[in-house]
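The block underneath contains the structure these notes are about, expressed in structure tokens.
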Amino acid sequence: MCLGIPGRIVAITDESRQMAMAEISGVRREVNVACIAEGPLEVLVGEWALIHVGFAMSRIDEGEAERTLQALRDLGEAQEALEAMTQGQQSLEAAR
Amino acid sequence: MKYASEFRDPALARALLARIAETADRIGATRAKPVHIMEICGGHTHSIFRYGLDKLVHEGVEFIHGPGCPVCVLPMARVDECVEIAERPGVIFTTFGDAMRVPGHRKSLMQAKAAGCDIRMVYSPLDALELARRNPGREVVFFGLGFETTTPSTALSIQAAAREGLANFSVFCNHITVPEPIRALLNDPDMMLDGFIGPGHVSMVIGTHPYDFIAEDYGKPIVVAGFEPTDLLQSVLMVLTQIVEGRAAVENQYARVVPEHGNPVSLAAIADVYERRPSFEWRGLGEIDASGLRIRPKYKAFDAEEKFGIGYATGRREVAEPEGCACGAVMTGRIKPTACPQFGRGCTPEMPLGALMVSSEGACAAYWQYGGARAAAE
């Protein structure tokens, strides 16, 4: 929960809500980009960011993204984050 | 050096370990009279154990594992209040998965879910917002938990709910801040800390200046660090170098991610939505002044404490922690996890008694998972 995971912004999905699609270790997830936005959101497409609980918090370069992802994999935190994303998606559908 | 080969850059790790040893010798640090360095962040604790850094560094350097795991410092009373909210009719209670197994007095959220409450694990408060949009007839409550890394996410979510007029969304706010418990630890006369490794991702949000008091008022070095093992070793060396040079400053080893003044959008959202509570209870540490946040009155429609008349909104009562649980002494560095009478006996990751055993970022769970000390307990 406390460690961010690197993801690459692949598309802007909702300009007014500042939402974008990110690819995080092969998983696609909609994230909020308000904290890294400076001007038009389009410029973020292709950029890497550290993503915390669905919010892009800091732009990073590709090398930093790779190294951070490796460190998170070593700690088991990358898998935990990806499972949480799947779980979150299921929770939207789950009926009582 | 058996673990050093695991490092991405073993040569760099070896060079750093050699310089750490040399600097520790210059300080005169020994096993009997070590330099105590507290890593504040639970992610750093996990990394130290994963790579066995505590075994690799000079024997005169001792890591003290700080209170930087939000699940671990969550008091039982707050878990009880989560369960109470989840039991209300019509509520969908949403939480990060980490919090599901934290014991409460009556039950954990996991047990409440098994008993029929509609409790859902989500990845993000954005999922809770979406649930509120899809279920207008239900009350969707998000369990807002964490330090300054997750605080912007709930602040921005509350702002979004306000913009959309999403009246069935609220946050049960348990956000806490890093600097205040450090001040409380430094004020403890029993504390013997010589320096700090500062949190990386928290500092990405708040910048490095909130730690100035550590150097200026208490004369202790602090180095904000990244999460790779060589980041941590570099930071230990930077702390030791300050000590040997008789300096105390806030230094930033993780400048590639941590800006000096933090993230302005996040800080603005936090300031808009939250204000400091007079005090907040930490498991094992007790009430700490100004260490927790609450939702400002202008957003009270989204404050679960107000909406459900629960928690600090009702006036507080003291609730004791489980008998024999030494989480408090472990968290303040007075004892090692293995010295707790419950470690590995009444308290394991499968059946945690104390919160430090629940999360992979808790010191006890790290001791357990990465062996070593585990044998010493038996």
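Here, A, B, ... name the chains of the structure tokens in the order displayed, residue numbers run from 1 inside each chain, and ligands are numbered from 1 in the same displayed order.
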
**Study point:** Residues of chain A within 7 Å of chain B, only C-alpha atoms counted, as a PyMOL selection string
**Key:** chain A and resi 2-3+35+52-55+60+71+75+84-85+87-88+91-92+96

Keeping only all heavy atoms, write the selected residues as a compact mmCIF listing (two decimals), in the first residue's frame.
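In the end it all went to result-v2.txt:
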# COMPACT_ATOMS: atom_id res chain seq x y z
N CYS A 2 2.01 1.19 0.70
CA CYS A 2 2.80 2.41 0.86
C CYS A 2 3.84 2.59 -0.23
O CYS A 2 4.37 3.69 -0.39
CB CYS A 2 3.50 2.42 2.20
SG CYS A 2 2.34 2.80 3.49
N LEU A 3 4.16 1.54 -0.95
CA LEU A 3 5.16 1.68 -1.99
C LEU A 3 4.47 1.87 -3.33
O LEU A 3 3.51 1.16 -3.65
CB LEU A 3 6.07 0.44 -2.05
CG LEU A 3 6.88 0.16 -0.78
CD1 LEU A 3 7.78 -1.04 -0.98
CD2 LEU A 3 7.70 1.37 -0.39
N CYS A 35 -1.78 14.59 -10.04
CA CYS A 35 -0.55 14.99 -9.33
C CYS A 35 0.66 15.15 -10.24
O CYS A 35 1.67 15.71 -9.82
CB CYS A 35 -0.24 14.00 -8.22
SG CYS A 35 -1.49 13.99 -6.93
N HIS A 52 0.63 5.14 -6.91
CA HIS A 52 0.25 4.73 -5.56
C HIS A 52 -1.26 4.60 -5.49
O HIS A 52 -1.96 5.56 -5.76
CB HIS A 52 0.63 5.83 -4.55
CG HIS A 52 2.05 5.81 -4.15
ND1 HIS A 52 2.49 5.31 -2.95
CD2 HIS A 52 3.15 6.24 -4.80
CE1 HIS A 52 3.79 5.44 -2.88
NE2 HIS A 52 4.22 6.00 -3.98
N VAL A 53 -1.74 3.46 -5.13
CA VAL A 53 -3.18 3.18 -4.97
C VAL A 53 -4.03 3.93 -6.01
O VAL A 53 -5.02 4.57 -5.69
CB VAL A 53 -3.68 3.46 -3.53
CG1 VAL A 53 -2.97 2.55 -2.54
CG2 VAL A 53 -3.50 4.91 -3.09
N GLY A 54 -3.62 3.78 -7.28
CA GLY A 54 -4.44 4.32 -8.37
C GLY A 54 -4.15 5.77 -8.74
O GLY A 54 -4.86 6.34 -9.57
N PHE A 55 -3.15 6.38 -8.12
CA PHE A 55 -2.82 7.78 -8.41
C PHE A 55 -1.36 7.88 -8.84
O PHE A 55 -0.47 7.43 -8.10
CB PHE A 55 -3.07 8.67 -7.18
CG PHE A 55 -4.52 8.84 -6.86
CD1 PHE A 55 -5.24 7.79 -6.28
CD2 PHE A 55 -5.19 10.01 -7.17
CE1 PHE A 55 -6.59 7.92 -6.00
CE2 PHE A 55 -6.55 10.15 -6.90
CZ PHE A 55 -7.25 9.11 -6.32
N ILE A 60 8.90 9.42 -13.58
CA ILE A 60 10.24 8.85 -13.46
C ILE A 60 10.73 8.45 -14.84
O ILE A 60 9.93 8.34 -15.78
CB ILE A 60 10.25 7.60 -12.53
CG1 ILE A 60 9.18 6.60 -12.96
CG2 ILE A 60 10.04 8.02 -11.08
CD1 ILE A 60 9.19 5.33 -12.10
N ALA A 71 13.11 -4.11 -7.80
CA ALA A 71 13.18 -4.09 -6.33
C ALA A 71 11.84 -4.54 -5.74
O ALA A 71 11.79 -5.31 -4.79
CB ALA A 71 13.54 -2.70 -5.83
N LEU A 75 10.79 -7.96 -3.43
CA LEU A 75 10.12 -7.87 -2.13
C LEU A 75 8.75 -8.53 -2.15
O LEU A 75 8.09 -8.63 -1.12
CB LEU A 75 9.95 -6.39 -1.73
CG LEU A 75 11.22 -5.62 -1.42
CD1 LEU A 75 10.90 -4.15 -1.15
CD2 LEU A 75 11.96 -6.21 -0.23
N ALA A 84 -3.93 -6.87 -5.90
CA ALA A 84 -4.89 -5.91 -5.34
C ALA A 84 -5.70 -5.25 -6.45
O ALA A 84 -6.89 -4.99 -6.30
CB ALA A 84 -4.16 -4.86 -4.51
N MET A 85 -5.04 -4.99 -7.61
CA MET A 85 -5.77 -4.39 -8.73
C MET A 85 -6.86 -5.34 -9.24
O MET A 85 -7.98 -4.94 -9.51
CB MET A 85 -4.81 -4.08 -9.88
CG MET A 85 -3.96 -2.86 -9.60
SD MET A 85 -2.75 -2.64 -10.93
CE MET A 85 -1.45 -1.88 -9.98
N GLN A 87 -8.23 -7.77 -7.53
CA GLN A 87 -9.22 -7.84 -6.46
C GLN A 87 -10.16 -6.63 -6.50
O GLN A 87 -11.37 -6.78 -6.36
CB GLN A 87 -8.47 -7.86 -5.11
CG GLN A 87 -9.35 -7.99 -3.91
CD GLN A 87 -9.87 -9.40 -3.74
OE1 GLN A 87 -9.08 -10.34 -3.71
NE2 GLN A 87 -11.17 -9.56 -3.66
N GLY A 88 -9.58 -5.46 -6.73
CA GLY A 88 -10.39 -4.23 -6.79
C GLY A 88 -11.41 -4.31 -7.91
O GLY A 88 -12.57 -3.92 -7.75
N SER A 91 -14.16 -6.57 -6.94
CA SER A 91 -15.03 -5.98 -5.91
C SER A 91 -16.10 -5.07 -6.52
O SER A 91 -17.16 -4.89 -5.95
CB SER A 91 -14.19 -5.16 -4.92
OG SER A 91 -13.46 -6.03 -4.10
N LEU A 92 -15.79 -4.50 -7.70
CA LEU A 92 -16.79 -3.64 -8.37
C LEU A 92 -17.96 -4.47 -8.83
O LEU A 92 -19.10 -4.00 -8.85
CB LEU A 92 -16.15 -2.93 -9.57
CG LEU A 92 -15.10 -1.87 -9.28
CD1 LEU A 92 -14.62 -1.25 -10.58
CD2 LEU A 92 -15.64 -0.79 -8.36
N ARG A 96 -23.61 -8.72 -3.22
CA ARG A 96 -23.59 -9.04 -1.82
C ARG A 96 -23.67 -10.53 -1.58
O ARG A 96 -24.39 -11.25 -2.22
CB ARG A 96 -24.83 -8.39 -1.21
CG ARG A 96 -24.67 -8.15 0.20
CD ARG A 96 -25.91 -7.59 0.81
NE ARG A 96 -25.79 -7.91 2.20
CZ ARG A 96 -25.45 -7.02 3.11
NH1 ARG A 96 -25.28 -5.79 2.79
NH2 ARG A 96 -25.31 -7.38 4.36

Check your understanding: Which residues, written as number ranges by chain, have at least one atom at most 8 Å from Ile24 (chain A), with only C-alpha atoms counted and residues fewer than 3 positions away on the same chain left out?
Key -> A: 5-8, 27-29

Exercise for review: Could you jot down the CA of Leu129 (chain B) to CA of Gly104 (chain B) separation for me, Å, one decimal place?
Suggested key: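 A separation of 26.2 Å between them.
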
Practice item. Would you return as a count of residues only the members of region 7-221 of chain B that DSSP assigns to helix (DSSP H, G or I) on this structure's backbone? Key: 99

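If you count only C-alpha atoms and ignore residues fewer than 3 places along the chain from Val91 (chain B), what sits within 7 Å of it is Ala86, Arg88, Asp118, Arg138, Glu139 and Val140 of chain B.
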
Dump as a PDB file, in the first residue's frame, selection limited to N, CA and C atoms:
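Listed below is the output, result_30.pdb:
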ATOM      1  N   ALA B  86     -19.263  -1.363   9.190  1.00  0.00           N
ATOM      2  CA  ALA B  86     -19.580  -2.399   8.198  1.00  0.00           C
ATOM      3  C   ALA B  86     -20.861  -3.152   8.556  1.00  0.00           C
ATOM      4  N   ARG B  88     -23.517  -1.815   9.817  1.00  0.00           N
ATOM      5  CA  ARG B  88     -24.735  -1.021   9.598  1.00  0.00           C
ATOM      6  C   ARG B  88     -25.430  -1.485   8.317  1.00  0.00           C
ATOM      7  N   ASP B 118     -20.914  -6.745   4.111  1.00  0.00           N
ATOM      8  CA  ASP B 118     -20.468  -6.509   2.736  1.00  0.00           C
ATOM      9  C   ASP B 118     -19.180  -5.687   2.773  1.00  0.00           C
ATOM     10  N   ARG B 138     -26.878   2.470  -1.851  1.00  0.00           N
ATOM     11  CA  ARG B 138     -26.053   1.945  -0.748  1.00  0.00           C
ATOM     12  C   ARG B 138     -25.103   3.023  -0.250  1.00  0.00           C
ATOM     13  N   GLU B 139     -24.682   2.901   0.988  1.00  0.00           N
ATOM     14  CA  GLU B 139     -23.658   3.787   1.544  1.00  0.00           C
ATOM     15  C   GLU B 139     -22.293   3.137   1.336  1.00  0.00           C
ATOM     16  N   VAL B 140     -21.422   3.770   0.584  1.00  0.00           N
ATOM     17  CA  VAL B 140     -20.098   3.200   0.348  1.00  0.00           C
ATOM     18  C   VAL B 140     -19.077   3.954   1.209  1.00  0.00           C
TER      19      VAL B 140
END

**Study point:** Contact residues around Thr23 (chain B) with only C-alpha atoms at 12 Å, ignoring same-chain residues under 5 positions, as a PyMOL selection string
**Key:** chain B and resi 16-18+28-30+35+57-58+60-61+236-245

Check your understanding: What residues in chain A get the DSSP label strand (DSSP E or B)? Please answer as a PyMOL selection string.
Key -> chain A and resi 5-14+19-24+27-32+48-52+55-60

**Study point:** Within 9 Å of region 36-46 of chain A using only C-alpha atoms, minus same-chain residues under 5 positions, as JSON, numbers by chain
**Key:** {"A": [8, 9, 10, 11, 12, 15, 18, 20, 56, 57, 58, 59], "B": [263, 265]}

Exercise for review: List the neighbours of region 293-299 of chain B out to 12 Å using only C-alpha atoms; skip same-chain residues closer than 4 positions along the sequence, and give me the result as an NGL selection string.
Suggested key: :B and (144-148 or 151-152 or 154-163 or 165-167 or 169-178 or 180 or 269-281 or 288-289 or 303-307 or 311-313)

**Study point:** Straight-line distance linking CA of Arg73 (chain A) with CA of Gln369 (chain B), stated in Å to one decimal
**Key:**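 About the pair CA of Arg73 (chain A) and CA of Gln369 (chain B): they are 16.0 Å apart.
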
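For Leu285 (chain B), the residues within 9 Å (counting only C-alpha atoms, excluding itself and residues fewer than 5 positions away along the chain) are Pro67, Val73, Pro181, Ala184, Leu185, Cys327, Gly328, Ala329, Met331 and Thr332 of chain B.
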
Could you turn the residues from that selection into a file that holds N, CA and C atoms, as a JSON list (two decimals), in the first residue's frame?
[["chain", "number", "residue", "atom", "x", "y", "z"],
["B", 67, "PRO", "N", 8.14, 3.08, 13.26],
["B", 67, "PRO", "CA", 6.69, 2.90, 13.26],
["B", 67, "PRO", "C", 6.03, 3.13, 11.91],
["B", 73, "VAL", "N", 0.39, 0.18, 13.15],
["B", 73, "VAL", "CA", 0.16, 1.14, 14.24],
["B", 73, "VAL", "C", -1.33, 1.44, 14.42],
["B", 181, "PRO", "N", 5.29, 11.17, 15.08],
["B", 181, "PRO", "CA", 5.79, 10.06, 15.92],
["B", 181, "PRO", "C", 7.31, 10.08, 16.08],
["B", 184, "ALA", "N", 7.89, 12.29, 18.87],
["B", 184, "ALA", "CA", 7.54, 11.60, 20.12],
["B", 184, "ALA", "C", 8.64, 10.63, 20.53],
["B", 185, "LEU", "N", 9.19, 9.92, 19.56],
["B", 185, "LEU", "CA", 10.29, 8.97, 19.87],
["B", 185, "LEU", "C", 11.51, 9.72, 20.38],
["B", 327, "CYS", "N", 4.09, -5.21, 21.09],
["B", 327, "CYS", "CA", 4.28, -4.39, 19.88],
["B", 327, "CYS", "C", 4.88, -3.01, 20.21],
["B", 328, "GLY", "N", 4.42, -2.42, 21.30],
["B", 328, "GLY", "CA", 4.88, -1.07, 21.66],
["B", 328, "GLY", "C", 6.37, -1.04, 21.94],
["B", 329, "ALA", "N", 6.85, -2.03, 22.69],
["B", 329, "ALA", "CA", 8.27, -2.07, 23.04],
["B", 329, "ALA", "C", 9.12, -2.37, 21.80],
["B", 331, "MET", "N", 8.29, -1.53, 18.72],
["B", 331, "MET", "CA", 8.24, -0.38, 17.82],
["B", 331, "MET", "C", 9.10, 0.78, 18.30],
["B", 332, "THR", "N", 9.33, 0.85, 19.59],
["B", 332, "THR", "CA", 10.18, 1.93, 20.08],
["B", 332, "THR", "C", 11.63, 1.46, 20.18]]

Check your understanding: Please, what distance in Å, to one decimal, runs between CA of Trp368 (chain B) and CA of Ala355 (chain B)?
Key ->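 Separating CA of Trp368 (chain B) from CA of Ala355 (chain B) is a distance of 13.4 Å.
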